[in-house]
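Below is structure_11.cif, holding mmCIF, C-alpha atoms (C1' of nucleotides).
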```cif
data_structure
loop_
_atom_site.label_atom_id
_atom_site.label_comp_id
_atom_site.auth_asym_id
_atom_site.auth_seq_id
_atom_site.Cartn_x
_atom_site.Cartn_y
_atom_site.Cartn_z
CA MET A 1 143.41 172.24 -30.97
CA SER A 2 143.03 168.47 -30.83
CA THR A 3 141.68 166.10 -33.41
CA ARG A 4 138.04 167.09 -33.10
CA ILE A 5 135.57 165.96 -35.67
CA ARG A 6 133.89 169.00 -37.13
CA SER A 7 130.77 167.00 -37.59
CA LEU A 8 127.62 169.11 -37.67
CA PRO A 9 128.33 172.70 -36.76
CA VAL A 10 124.78 173.12 -35.64
CA ILE A 11 124.01 176.01 -33.35
CA PRO A 12 123.04 174.78 -29.89
CA THR A 13 119.51 175.62 -28.89
CA GLN A 14 119.23 179.23 -27.77
CA PRO A 15 117.61 179.71 -24.37
CA ASN A 16 114.96 182.26 -23.60
CA VAL A 17 116.45 185.49 -22.34
CA GLU A 18 114.44 187.79 -20.16
CA ARG A 19 115.14 191.50 -20.12
CA CYS A 20 115.30 191.86 -16.30
CA CYS A 21 115.79 195.62 -16.10
CA ALA A 22 114.97 198.83 -17.81
CA SER A 23 117.70 201.06 -19.17
CA LEU A 24 120.17 202.68 -16.81
CA GLN A 25 119.55 205.96 -18.51
CA VAL A 26 115.78 205.99 -18.34
CA SER A 27 114.76 205.24 -14.77
CA THR A 28 116.83 204.92 -11.63
CA LEU A 29 117.85 201.33 -11.05
CA ALA A 30 116.38 199.57 -8.03
CA ALA A 31 118.73 197.69 -5.74
CA ASP A 32 117.59 194.23 -6.84
CA GLU A 33 117.67 195.13 -10.52
CA ALA A 34 121.18 196.48 -10.07
CA GLU A 35 122.18 193.20 -8.48
CA VAL A 36 121.07 191.18 -11.48
CA LEU A 37 122.55 193.52 -14.05
CA ALA A 38 125.84 193.84 -12.19
CA ARG A 39 126.25 190.08 -12.18
CA ARG A 40 125.93 190.02 -15.95
CA PHE A 41 128.27 192.93 -16.55
CA ALA A 42 130.76 191.38 -14.16
CA ALA A 43 130.81 188.35 -16.43
CA LEU A 44 132.12 190.68 -19.14
CA GLY A 45 134.63 192.23 -16.76
CA ASP A 46 137.43 189.80 -17.46
CA PRO A 47 139.65 189.90 -20.55
CA VAL A 48 139.77 186.13 -20.93
CA ARG A 49 135.98 185.88 -20.87
CA LEU A 50 135.63 188.71 -23.35
CA ARG A 51 137.97 186.95 -25.73
CA LEU A 52 136.17 183.64 -25.34
CA LEU A 53 132.86 185.30 -26.00
CA SER A 54 134.30 187.13 -28.98
CA ILE A 55 135.60 183.91 -30.47
CA LEU A 56 132.19 182.32 -30.08
CA ALA A 57 130.31 185.34 -31.39
CA THR A 58 132.44 185.63 -34.49
CA SER A 59 132.45 181.94 -35.28
CA GLY A 60 130.86 181.43 -38.65
CA ASP A 61 129.56 178.04 -37.64
CA GLY A 62 127.82 179.48 -34.61
CA ALA A 63 129.44 177.02 -32.25
CA VAL A 64 132.97 176.13 -31.23
CA CYS A 65 134.35 173.02 -29.58
CA ALA A 66 135.72 173.68 -26.10
CA CYS A 67 138.89 171.98 -27.23
CA ASP A 68 139.46 174.86 -29.64
CA LEU A 69 139.06 177.54 -26.96
CA VAL A 70 142.04 176.70 -24.77
CA GLU A 71 144.97 177.56 -27.00
CA PRO A 72 143.67 180.92 -28.33
CA VAL A 73 143.40 182.51 -24.89
CA GLY A 74 146.64 181.07 -23.55
CA LYS A 75 145.31 179.82 -20.24
CA SER A 76 145.14 176.36 -18.71
CA GLN A 77 142.31 174.03 -19.60
CA SER A 78 140.83 174.24 -16.13
CA THR A 79 140.93 178.02 -16.18
CA VAL A 80 139.15 178.17 -19.52
CA SER A 81 136.55 175.71 -18.26
CA HIS A 82 136.04 177.94 -15.22
CA HIS A 83 135.46 181.02 -17.35
CA LEU A 84 133.08 179.18 -19.66
CA LYS A 85 131.07 178.17 -16.62
CA ILE A 86 130.77 181.80 -15.52
CA LEU A 87 129.69 182.88 -18.99
CA ARG A 88 127.14 180.07 -19.07
CA GLU A 89 125.73 180.94 -15.65
CA ALA A 90 125.42 184.55 -16.78
CA GLY A 91 123.38 183.33 -19.73
CA LEU A 92 125.81 184.75 -22.25
CA VAL A 93 126.74 181.36 -23.62
CA THR A 94 125.11 177.98 -24.23
CA SER A 95 126.73 174.57 -24.38
CA GLU A 96 125.80 171.26 -25.89
CA ARG A 97 127.46 167.90 -25.63
CA ARG A 98 128.31 165.95 -28.77
CA GLY A 99 130.05 162.75 -27.92
CA THR A 100 133.19 163.54 -25.99
CA ASN A 101 133.23 167.15 -26.99
CA ILE A 102 131.22 170.09 -25.75
CA TRP A 103 130.30 172.86 -28.15
CA TYR A 104 129.78 176.38 -26.99
CA ALA A 105 127.86 179.17 -28.65
CA ALA A 106 127.21 182.81 -27.84
CA VAL A 107 123.67 183.90 -26.97
CA PRO A 108 123.11 187.07 -29.03
CA ALA A 109 119.85 187.84 -27.25
CA ALA A 110 121.71 188.10 -23.94
CA LEU A 111 124.09 190.66 -25.40
CA GLU A 112 121.09 192.50 -26.74
CA VAL A 113 119.64 192.71 -23.23
CA LEU A 114 122.83 194.27 -21.95
CA ARG A 115 122.83 196.70 -24.86
CA GLY A 116 119.33 197.64 -23.87
CA ALA A 117 120.45 198.41 -20.34
CA LEU A 118 122.97 200.88 -21.75
CA SER A 119 120.53 202.38 -24.21
CA PRO A 120 119.53 206.03 -23.88
CA VAL A 121 115.92 205.28 -24.79
CA GLU A 122 112.95 203.07 -23.90
CA MET B 123 121.18 215.01 1.39
CA SER B 124 122.75 218.09 2.99
CA THR B 125 122.02 221.74 2.44
CA ARG B 126 123.60 222.04 -0.99
CA ILE B 127 122.95 225.07 -3.07
CA ARG B 128 121.50 224.00 -6.37
CA SER B 129 123.27 226.87 -8.03
CA LEU B 130 123.86 226.31 -11.72
CA PRO B 131 123.05 222.77 -12.71
CA VAL B 132 125.47 223.02 -15.58
CA ILE B 133 126.69 219.79 -17.10
CA PRO B 134 130.40 219.31 -16.45
CA THR B 135 132.51 219.34 -19.58
CA GLN B 136 132.29 216.02 -21.34
CA PRO B 137 135.64 214.45 -22.13
CA ASN B 138 136.58 212.95 -25.45
CA VAL B 139 135.83 209.26 -25.55
CA GLU B 140 137.72 207.00 -27.89
CA ARG B 141 136.13 203.87 -29.18
CA CYS B 142 139.11 201.58 -28.31
CA CYS B 143 137.76 198.34 -29.76
CA ALA B 144 135.60 196.95 -32.49
CA SER B 145 132.51 194.94 -31.67
CA LEU B 146 132.84 191.64 -29.88
CA GLN B 147 130.61 190.10 -32.46
CA VAL B 148 132.42 191.30 -35.55
CA SER B 149 136.09 190.46 -35.17
CA THR B 150 137.87 188.41 -32.54
CA LEU B 151 139.11 190.60 -29.73
CA ALA B 152 142.88 190.97 -29.34
CA ALA B 153 144.36 190.49 -25.89
CA ASP B 154 145.11 194.17 -25.33
CA GLU B 155 141.71 195.29 -26.60
CA ALA B 156 140.07 192.79 -24.27
CA GLU B 157 142.05 194.23 -21.38
CA VAL B 158 140.74 197.74 -21.99
CA LEU B 159 137.16 196.67 -22.56
CA ALA B 160 137.14 194.35 -19.57
CA ARG B 161 138.21 197.17 -17.29
CA ARG B 162 135.25 199.25 -18.44
CA PHE B 163 132.74 196.43 -18.12
CA ALA B 164 134.15 195.59 -14.71
CA ALA B 165 133.29 199.11 -13.66
CA LEU B 166 129.67 198.20 -14.39
CA GLY B 167 130.01 194.92 -12.53
CA ASP B 168 129.00 196.25 -9.13
CA PRO B 169 125.43 197.02 -8.08
CA VAL B 170 126.36 200.16 -6.16
CA ARG B 171 128.19 201.60 -9.16
CA LEU B 172 125.31 200.73 -11.48
CA ARG B 173 122.92 202.57 -9.21
CA LEU B 174 125.19 205.59 -8.93
CA LEU B 175 125.55 205.70 -12.70
CA SER B 176 121.82 205.30 -13.11
CA ILE B 177 121.12 208.19 -10.77
CA LEU B 178 123.51 210.39 -12.71
CA ALA B 179 122.23 209.30 -16.11
CA THR B 180 118.60 209.94 -15.22
CA SER B 181 119.23 213.28 -13.54
CA GLY B 182 117.33 215.93 -15.40
CA ASP B 183 119.92 218.53 -14.54
CA GLY B 184 122.70 216.43 -15.99
CA ALA B 185 124.77 216.62 -12.84
CA VAL B 186 124.34 215.61 -9.21
CA CYS B 187 126.16 216.77 -6.11
CA ALA B 188 128.21 214.00 -4.48
CA CYS B 189 126.46 214.88 -1.25
CA ASP B 190 123.22 213.62 -2.80
CA LEU B 191 124.68 210.28 -3.84
CA VAL B 192 125.44 208.82 -0.43
CA GLU B 193 122.00 208.32 1.03
CA PRO B 194 120.31 206.78 -2.05
CA VAL B 195 122.72 203.85 -2.26
CA GLY B 196 122.89 203.22 1.48
CA LYS B 197 126.66 202.96 1.80
CA SER B 198 129.17 204.98 3.76
CA GLN B 199 130.50 208.22 2.37
CA SER B 200 133.95 206.76 1.84
CA THR B 201 132.57 203.75 0.01
CA VAL B 202 130.56 205.96 -2.33
CA SER B 203 133.62 208.11 -2.96
CA HIS B 204 135.57 204.97 -3.77
CA HIS B 205 133.01 203.81 -6.32
CA LEU B 206 132.80 207.23 -7.91
CA LYS B 207 136.56 207.15 -8.36
CA ILE B 208 136.35 203.82 -10.17
CA LEU B 209 133.58 205.11 -12.43
CA ARG B 210 135.62 208.23 -13.16
CA GLU B 211 138.77 206.25 -13.96
CA ALA B 212 136.74 204.08 -16.30
CA GLY B 213 135.65 207.24 -18.08
CA LEU B 214 131.99 206.59 -17.37
CA VAL B 215 131.60 209.66 -15.23
CA THR B 216 133.01 213.20 -15.01
CA SER B 217 133.32 215.41 -11.99
CA GLU B 218 133.63 219.11 -11.45
CA ARG B 219 134.26 221.10 -8.32
CA ARG B 220 131.93 223.98 -7.40
CA GLY B 221 132.97 225.50 -4.16
CA THR B 222 132.89 222.87 -1.49
CA ASN B 223 130.78 220.48 -3.50
CA ILE B 224 131.72 218.18 -6.34
CA TRP B 225 129.21 217.52 -9.06
CA TYR B 226 129.18 214.30 -10.98
CA ALA B 227 127.70 213.58 -14.38
CA ALA B 228 127.41 210.51 -16.57
CA VAL B 229 129.34 210.41 -19.85
CA PRO B 230 126.79 209.16 -22.40
CA ALA B 231 129.46 208.73 -25.07
CA ALA B 232 131.27 206.20 -22.88
CA LEU B 233 128.11 204.14 -22.53
CA GLU B 234 127.70 204.38 -26.28
CA VAL B 235 131.18 202.90 -26.75
CA LEU B 236 130.25 199.93 -24.59
CA ARG B 237 127.02 199.51 -26.50
CA GLY B 238 129.07 199.46 -29.67
CA ALA B 239 131.24 196.67 -28.29
CA LEU B 240 128.09 194.59 -27.79
CA SER B 241 126.64 195.49 -31.14
CA PRO B 242 126.13 192.80 -33.79
CA VAL B 243 127.26 195.08 -36.59
CA GLU B 244 130.08 197.38 -37.69
"C1'" DC C 245 142.48 233.14 11.56
"C1'" DT C 246 139.30 229.67 12.99
"C1'" DC C 247 135.54 226.63 12.68
"C1'" DC C 248 132.63 223.76 9.90
"C1'" DT C 249 131.16 221.09 5.84
"C1'" DC C 250 132.18 218.27 2.06
"C1'" DT C 251 135.13 215.00 -0.27
"C1'" DA C 252 139.12 212.08 -0.79
"C1'" DT C 253 142.51 209.06 1.16
"C1'" DT C 254 144.40 205.72 4.34
"C1'" DG C 255 144.56 201.45 6.86
"C1'" DA C 256 142.45 197.31 8.20
"C1'" DC C 257 139.74 193.44 7.30
"C1'" DA C 258 137.00 189.95 5.16
"C1'" DT C 259 135.57 188.19 0.98
"C1'" DC C 260 135.81 187.14 -3.64
"C1'" DC C 261 138.33 185.78 -7.79
"C1'" DA C 262 141.75 184.19 -11.35
"C1'" DT C 263 144.89 180.77 -11.81
"C1'" DC C 264 147.11 176.37 -11.67
"C1'" DG C 265 148.05 171.30 -10.97
"C1'" DA C 266 145.87 167.24 -9.75
"C1'" DT C 267 141.97 164.46 -9.84
"C1'" DA C 268 137.35 162.92 -11.10
"C1'" DT C 269 133.99 162.11 -14.72
"C1'" DT C 270 132.17 161.13 -19.04
"C1'" DG C 271 132.19 158.91 -23.42
"C1'" DG C 272 134.39 156.52 -27.47
"C1'" DG C 273 137.34 153.15 -29.37
"C1'" DT C 274 139.56 148.68 -29.43
"C1'" DA D 275 136.83 145.25 -19.83
"C1'" DC D 276 140.46 148.48 -20.56
"C1'" DC D 277 142.52 152.57 -22.07
"C1'" DC D 278 142.58 157.17 -23.93
"C1'" DA D 279 140.83 161.84 -24.93
"C1'" DA D 280 137.98 165.73 -23.48
"C1'" DT D 281 135.74 168.46 -19.60
"C1'" DA D 282 134.63 169.49 -15.25
"C1'" DT D 283 135.66 169.82 -10.45
"C1'" DC D 284 138.65 170.22 -6.32
"C1'" DG D 285 142.09 172.34 -3.34
"C1'" DA D 286 145.45 175.67 -2.74
"C1'" DT D 287 147.32 180.21 -3.30
"C1'" DG D 288 148.24 184.95 -4.36
"C1'" DG D 289 146.09 189.04 -5.53
"C1'" DA D 290 142.18 192.08 -6.23
"C1'" DT D 291 137.97 194.17 -4.28
"C1'" DG D 292 134.13 196.07 -1.25
"C1'" DT D 293 133.46 197.92 3.04
"C1'" DC D 294 134.03 200.76 7.05
"C1'" DA D 295 135.95 204.06 10.63
"C1'" DA D 296 139.28 207.37 11.08
"C1'" DT D 297 141.93 210.92 9.20
"C1'" DA D 298 143.48 214.35 5.91
"C1'" DG D 299 142.69 218.14 2.70
"C1'" DA D 300 140.13 221.83 0.45
"C1'" DG D 301 136.90 225.76 0.63
"C1'" DG D 302 133.48 228.70 2.34
"C1'" DA D 303 131.41 231.43 6.44
"C1'" DG D 304 132.01 234.07 10.37
#
```
structure tokens encoding of this file:
Amino acid sequence: MSTRIRSLPVIPTQPNVERCCASLQVSTLAADEAEVLARRFAALGDPVRLRLLSILATSGDGAVCACDLVEPVGKSQSTVSHHLKILREAGLVTSERRGTNIWYAAVPAALEVLRGALSPVE
Amino acid sequence: MSTRIRSLPVIPTQPNVERCCASLQVSTLAADEAEVLARRFAALGDPVRLRLLSILATSGDGAVCACDLVEPVGKSQSTVSHHLKILREAGLVTSERRGTNIWYAAVPAALEVLRGALSPVE
DNA sequence: CTCCTCTATTGACATCCATCGATATTGGGT
DNA sequence: ACCCAATATCGATGGATGTCAATAGAGGAG
């Protein structure tokens, strides 16, 4: 919650997202490709992170203040910060500082890459 | 490897797969939905399991003998069995006994459910 | 009935991970 | 300069997880 100033709900700059691997269902995954993909899927393998990502992805403004992410998931501030870090390192989320606050946004292209890995074609 | 008898490469019966959750990007995930989804994504969060799944999904015959899954991933037989169990419990894989051997197959509908959870629409 | 093969399970171990409280850091306001 | 709010980081801890060797169980072959 907090008394954040919903100043400009601008979407943080979206990073470039590289595809990394072909689809699981098209060609057999090499060991190093599997390593990269697994790391990304593992980032989705926690209910708290999934909820955080869902909140970000469904935010109409495209970005949400970190201060508004703690209460909805019911975990401590440090725990939420930890999960946001993992999501960020997996490339699923971007952050941008605005004054005291830090705004987070989902990276749709990263989700698209994971969808591609599960796709039956291409 | 082993001296398996490639008898009938029939695809094991595919189980019913329920969708469980709406897309991440459409409505905010409830805690219990996130729990279910996270368990499935976590099953993809290991490189050995991704490779096993990939081998199964790209198998022309639709099913692969467990005996042929050990060598390709370079882990012990018990470790491979462990990972196959996790994939099976996550509903991503089915198994069927044929004599001494057990044949595994991917469950495309389960991957489709996960794709749906990452989808920007619906 | 008795081997032998294939698969699953058990037990042990080391590592990773989620979580929290406490502390550091950063930036704004007065 | 000082204080306060917002985030990140640190340290500790309990629990989950990946891995293996060893063992158990299930089925065919003889």
Report as a list in words the full result of the PyMOL selection byres ((chain D) within 8 of (chain B)) when it is applied to this structure.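 Residues picked by the PyMOL selection byres ((chain D) within 8 of (chain B)): DG292, DT293, DC294, DA300, DG301 and DG302 of chain D.
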The PyMOL selection byres ((chain B and resi 174) around 12) resolved against shown file, as a PyMOL selection string: (chain A and resi 24-25+27-31+34) or (chain B and resi 165-166+168-173+175-181+185-188+190-197+201-210+214-215+226-228)
Take chain B, superimpose it onto chain A by least squares using every C-alpha atom paired in sequence order, and output the result as a PDB file with C-alpha atoms, in the coordinates of the input.
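Here's the written file superposed.pdb:
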```pdb
ATOM      1  CA  MET B 123     143.381 172.333 -30.998  1.00  0.00           C
ATOM      2  CA  SER B 124     142.969 168.548 -30.895  1.00  0.00           C
ATOM      3  CA  THR B 125     141.608 166.190 -33.493  1.00  0.00           C
ATOM      4  CA  ARG B 126     137.959 167.147 -33.153  1.00  0.00           C
ATOM      5  CA  ILE B 127     135.503 166.027 -35.731  1.00  0.00           C
ATOM      6  CA  ARG B 128     133.775 169.043 -37.166  1.00  0.00           C
ATOM      7  CA  SER B 129     130.642 167.005 -37.562  1.00  0.00           C
ATOM      8  CA  LEU B 130     127.508 169.114 -37.664  1.00  0.00           C
ATOM      9  CA  PRO B 131     128.241 172.693 -36.760  1.00  0.00           C
ATOM     10  CA  VAL B 132     124.698 173.118 -35.568  1.00  0.00           C
ATOM     11  CA  ILE B 133     123.982 176.023 -33.271  1.00  0.00           C
ATOM     12  CA  PRO B 134     123.027 174.799 -29.806  1.00  0.00           C
ATOM     13  CA  THR B 135     119.481 175.635 -28.819  1.00  0.00           C
ATOM     14  CA  GLN B 136     119.239 179.228 -27.723  1.00  0.00           C
ATOM     15  CA  PRO B 137     117.618 179.719 -24.340  1.00  0.00           C
ATOM     16  CA  ASN B 138     114.952 182.264 -23.584  1.00  0.00           C
ATOM     17  CA  VAL B 139     116.447 185.490 -22.343  1.00  0.00           C
ATOM     18  CA  GLU B 140     114.425 187.813 -20.182  1.00  0.00           C
ATOM     19  CA  ARG B 141     115.120 191.488 -20.203  1.00  0.00           C
ATOM     20  CA  CYS B 142     115.284 191.835 -16.364  1.00  0.00           C
ATOM     21  CA  CYS B 143     115.776 195.596 -16.169  1.00  0.00           C
ATOM     22  CA  ALA B 144     114.945 198.820 -17.891  1.00  0.00           C
ATOM     23  CA  SER B 145     117.681 201.056 -19.224  1.00  0.00           C
ATOM     24  CA  LEU B 146     120.129 202.646 -16.841  1.00  0.00           C
ATOM     25  CA  GLN B 147     119.505 205.937 -18.509  1.00  0.00           C
ATOM     26  CA  VAL B 148     115.731 205.931 -18.359  1.00  0.00           C
ATOM     27  CA  SER B 149     114.691 205.142 -14.807  1.00  0.00           C
ATOM     28  CA  THR B 150     116.768 204.820 -11.665  1.00  0.00           C
ATOM     29  CA  LEU B 151     117.807 201.239 -11.093  1.00  0.00           C
ATOM     30  CA  ALA B 152     116.323 199.453  -8.074  1.00  0.00           C
ATOM     31  CA  ALA B 153     118.685 197.578  -5.788  1.00  0.00           C
ATOM     32  CA  ASP B 154     117.574 194.126  -6.915  1.00  0.00           C
ATOM     33  CA  GLU B 155     117.661 195.051 -10.597  1.00  0.00           C
ATOM     34  CA  ALA B 156     121.167 196.412 -10.123  1.00  0.00           C
ATOM     35  CA  GLU B 157     122.194 193.129  -8.537  1.00  0.00           C
ATOM     36  CA  VAL B 158     121.090 191.112 -11.557  1.00  0.00           C
ATOM     37  CA  LEU B 159     122.576 193.477 -14.104  1.00  0.00           C
ATOM     38  CA  ALA B 160     125.845 193.805 -12.227  1.00  0.00           C
ATOM     39  CA  ARG B 161     126.308 190.052 -12.242  1.00  0.00           C
ATOM     40  CA  ARG B 162     125.974 190.006 -16.024  1.00  0.00           C
ATOM     41  CA  PHE B 163     128.310 192.937 -16.582  1.00  0.00           C
ATOM     42  CA  ALA B 164     130.791 191.390 -14.179  1.00  0.00           C
ATOM     43  CA  ALA B 165     130.859 188.370 -16.438  1.00  0.00           C
ATOM     44  CA  LEU B 166     132.175 190.703 -19.138  1.00  0.00           C
ATOM     45  CA  GLY B 167     134.671 192.238 -16.741  1.00  0.00           C
ATOM     46  CA  ASP B 168     137.492 189.811 -17.449  1.00  0.00           C
ATOM     47  CA  PRO B 169     139.696 189.897 -20.543  1.00  0.00           C
ATOM     48  CA  VAL B 170     139.815 186.122 -20.923  1.00  0.00           C
ATOM     49  CA  ARG B 171     136.026 185.874 -20.858  1.00  0.00           C
ATOM     50  CA  LEU B 172     135.681 188.726 -23.343  1.00  0.00           C
ATOM     51  CA  ARG B 173     138.009 186.942 -25.720  1.00  0.00           C
ATOM     52  CA  LEU B 174     136.210 183.632 -25.320  1.00  0.00           C
ATOM     53  CA  LEU B 175     132.887 185.330 -25.973  1.00  0.00           C
ATOM     54  CA  SER B 176     134.346 187.136 -28.948  1.00  0.00           C
ATOM     55  CA  ILE B 177     135.625 183.906 -30.448  1.00  0.00           C
ATOM     56  CA  LEU B 178     132.208 182.327 -30.056  1.00  0.00           C
ATOM     57  CA  ALA B 179     130.328 185.350 -31.364  1.00  0.00           C
ATOM     58  CA  THR B 180     132.470 185.641 -34.479  1.00  0.00           C
ATOM     59  CA  SER B 181     132.456 181.932 -35.266  1.00  0.00           C
ATOM     60  CA  GLY B 182     130.869 181.431 -38.631  1.00  0.00           C
ATOM     61  CA  ASP B 183     129.550 178.049 -37.615  1.00  0.00           C
ATOM     62  CA  GLY B 184     127.815 179.489 -34.589  1.00  0.00           C
ATOM     63  CA  ALA B 185     129.439 177.032 -32.228  1.00  0.00           C
ATOM     64  CA  VAL B 186     132.981 176.141 -31.207  1.00  0.00           C
ATOM     65  CA  CYS B 187     134.348 173.028 -29.560  1.00  0.00           C
ATOM     66  CA  ALA B 188     135.718 173.689 -26.065  1.00  0.00           C
ATOM     67  CA  CYS B 189     138.880 171.959 -27.195  1.00  0.00           C
ATOM     68  CA  ASP B 190     139.465 174.854 -29.596  1.00  0.00           C
ATOM     69  CA  LEU B 191     139.077 177.520 -26.930  1.00  0.00           C
ATOM     70  CA  VAL B 192     142.057 176.687 -24.748  1.00  0.00           C
ATOM     71  CA  GLU B 193     144.971 177.525 -26.989  1.00  0.00           C
ATOM     72  CA  PRO B 194     143.691 180.883 -28.329  1.00  0.00           C
ATOM     73  CA  VAL B 195     143.429 182.479 -24.891  1.00  0.00           C
ATOM     74  CA  GLY B 196     146.666 181.025 -23.542  1.00  0.00           C
ATOM     75  CA  LYS B 197     145.337 179.773 -20.218  1.00  0.00           C
ATOM     76  CA  SER B 198     145.161 176.321 -18.711  1.00  0.00           C
ATOM     77  CA  GLN B 199     142.323 174.005 -19.596  1.00  0.00           C
ATOM     78  CA  SER B 200     140.836 174.243 -16.125  1.00  0.00           C
ATOM     79  CA  THR B 201     140.949 178.025 -16.162  1.00  0.00           C
ATOM     80  CA  VAL B 202     139.161 178.152 -19.507  1.00  0.00           C
ATOM     81  CA  SER B 203     136.549 175.720 -18.225  1.00  0.00           C
ATOM     82  CA  HIS B 204     136.066 177.943 -15.202  1.00  0.00           C
ATOM     83  CA  HIS B 205     135.485 181.032 -17.330  1.00  0.00           C
ATOM     84  CA  LEU B 206     133.108 179.204 -19.627  1.00  0.00           C
ATOM     85  CA  LYS B 207     131.084 178.203 -16.586  1.00  0.00           C
ATOM     86  CA  ILE B 208     130.799 181.826 -15.488  1.00  0.00           C
ATOM     87  CA  LEU B 209     129.727 182.902 -18.972  1.00  0.00           C
ATOM     88  CA  ARG B 210     127.160 180.103 -19.053  1.00  0.00           C
ATOM     89  CA  GLU B 211     125.759 180.992 -15.628  1.00  0.00           C
ATOM     90  CA  ALA B 212     125.456 184.590 -16.752  1.00  0.00           C
ATOM     91  CA  GLY B 213     123.401 183.367 -19.689  1.00  0.00           C
ATOM     92  CA  LEU B 214     125.842 184.779 -22.213  1.00  0.00           C
ATOM     93  CA  VAL B 215     126.756 181.401 -23.596  1.00  0.00           C
ATOM     94  CA  THR B 216     125.116 178.005 -24.186  1.00  0.00           C
ATOM     95  CA  SER B 217     126.736 174.622 -24.343  1.00  0.00           C
ATOM     96  CA  GLU B 218     125.799 171.315 -25.849  1.00  0.00           C
ATOM     97  CA  ARG B 219     127.442 167.940 -25.602  1.00  0.00           C
ATOM     98  CA  ARG B 220     128.274 165.997 -28.781  1.00  0.00           C
ATOM     99  CA  GLY B 221     129.984 162.797 -27.929  1.00  0.00           C
ATOM    100  CA  THR B 222     133.119 163.552 -26.019  1.00  0.00           C
ATOM    101  CA  ASN B 223     133.200 167.185 -27.018  1.00  0.00           C
ATOM    102  CA  ILE B 224     131.201 170.119 -25.740  1.00  0.00           C
ATOM    103  CA  TRP B 225     130.288 172.881 -28.122  1.00  0.00           C
ATOM    104  CA  TYR B 226     129.795 176.410 -26.958  1.00  0.00           C
ATOM    105  CA  ALA B 227     127.879 179.210 -28.619  1.00  0.00           C
ATOM    106  CA  ALA B 228     127.228 182.847 -27.810  1.00  0.00           C
ATOM    107  CA  VAL B 229     123.681 183.924 -26.942  1.00  0.00           C
ATOM    108  CA  PRO B 230     123.126 187.080 -29.015  1.00  0.00           C
ATOM    109  CA  ALA B 231     119.866 187.855 -27.222  1.00  0.00           C
ATOM    110  CA  ALA B 232     121.727 188.125 -23.915  1.00  0.00           C
ATOM    111  CA  LEU B 233     124.121 190.663 -25.391  1.00  0.00           C
ATOM    112  CA  GLU B 234     121.114 192.513 -26.742  1.00  0.00           C
ATOM    113  CA  VAL B 235     119.670 192.726 -23.222  1.00  0.00           C
ATOM    114  CA  LEU B 236     122.877 194.300 -21.961  1.00  0.00           C
ATOM    115  CA  ARG B 237     122.876 196.709 -24.869  1.00  0.00           C
ATOM    116  CA  GLY B 238     119.350 197.650 -23.901  1.00  0.00           C
ATOM    117  CA  ALA B 239     120.466 198.412 -20.355  1.00  0.00           C
ATOM    118  CA  LEU B 240     122.987 200.886 -21.777  1.00  0.00           C
ATOM    119  CA  SER B 241     120.554 202.369 -24.230  1.00  0.00           C
ATOM    120  CA  PRO B 242     119.491 206.014 -23.905  1.00  0.00           C
ATOM    121  CA  VAL B 243     115.897 205.240 -24.800  1.00  0.00           C
ATOM    122  CA  GLU B 244     112.952 203.009 -23.905  1.00  0.00           C
TER     123      GLU B 244
END
```
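Applied to the shown file, the PyMOL selection byres ((chain C and resi 256) around 12) selects the residues DT254, DG255, DC257 and DA258 of chain C; DT293, DC294, DA295 and DA296 of chain D.
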Atoms to include: C-alpha atoms (C1' of nucleotides). Write the selected residues as a short mmCIF file (atom, residue, chain, number, x, y, z; two decimals), keeping the file's coordinate frame.
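Final output, out_2.cif:
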```
data_model
loop_
_atom_site.label_atom_id
_atom_site.label_comp_id
_atom_site.auth_asym_id
_atom_site.auth_seq_id
_atom_site.Cartn_x
_atom_site.Cartn_y
_atom_site.Cartn_z
"C1'" DT C 254 144.40 205.72 4.34
"C1'" DG C 255 144.56 201.45 6.86
"C1'" DC C 257 139.74 193.44 7.30
"C1'" DA C 258 137.00 189.95 5.16
"C1'" DT D 293 133.46 197.92 3.04
"C1'" DC D 294 134.03 200.76 7.05
"C1'" DA D 295 135.95 204.06 10.63
"C1'" DA D 296 139.28 207.37 11.08
#
```
DA298 in chain D environment, 12 Å, only C-alpha atoms (C1' of nucleotides), sequence neighbours closer than 4 positions dropped, as a count of residues only: 4
Nearest residue to chain B out of A:Glu96, A:Ile102, A:Glu89, A:Ala110, using all atoms listed in the file? A:Ala110
With a distance cut-off of 9 Å and only C-alpha atoms (C1' of nucleotides), select the neighbouring residues of Ala231 in chain B, excluding the residue or stretch itself and same-chain residues fewer than 3 positions from it, and output the selection as JSON, numbers by chain. {"B": [136, 137, 138, 139, 140, 214, 228, 234, 235, 236]}
Considering all atoms listed in the file, give me a table of residues in chain C that are at most 8 Å from chain A, with the closest atom pair and distance in Å for each, as CSV.
```
residue,atom,partner,partner_atom,distance
C:DA262,C1',A:Thr79,CA,7.9
C:DT263,C1',A:Thr79,CA,6.5
C:DC264,C1',A:Ser76,CA,7.3
C:DT270,C1',A:Thr100,CA,7.4
C:DG271,C1',A:Thr100,CA,5.4
C:DG272,C1',A:Thr100,CA,7.3
```
Work out how far apart C1' of DA290 in chain D and CA of Ala160 in chain B are and give it in Å to one decimal.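 Result for C1' of DA290 in chain D versus CA of Ala160 in chain B: 14.4 Å, one decimal.
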Would you mind reading off the distance between CA of Cys20 in chain A and CA of Val229 in chain B, one decimal, in Å?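 Between CA of Cys20 in chain A and CA of Val229 in chain B the gap is 23.5 Å.
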Need to verify the contact set: DA303 in chain D, 12 Å, only C-alpha atoms (C1' of nucleotides), exclusion of same-chain residues closer than 4 positions in sequence. Can you return it as a list in words?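 Neighbouring residues, sequence-local ones excluded: Thr222 of chain B; DT246, DC247, DC248 and DT249 of chain C.
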If you count all atoms listed in the file, the residue of B:Trp225, B:Phe163, B:Ser217, B:Gly238 closest to chain A turns out to be B:Phe163
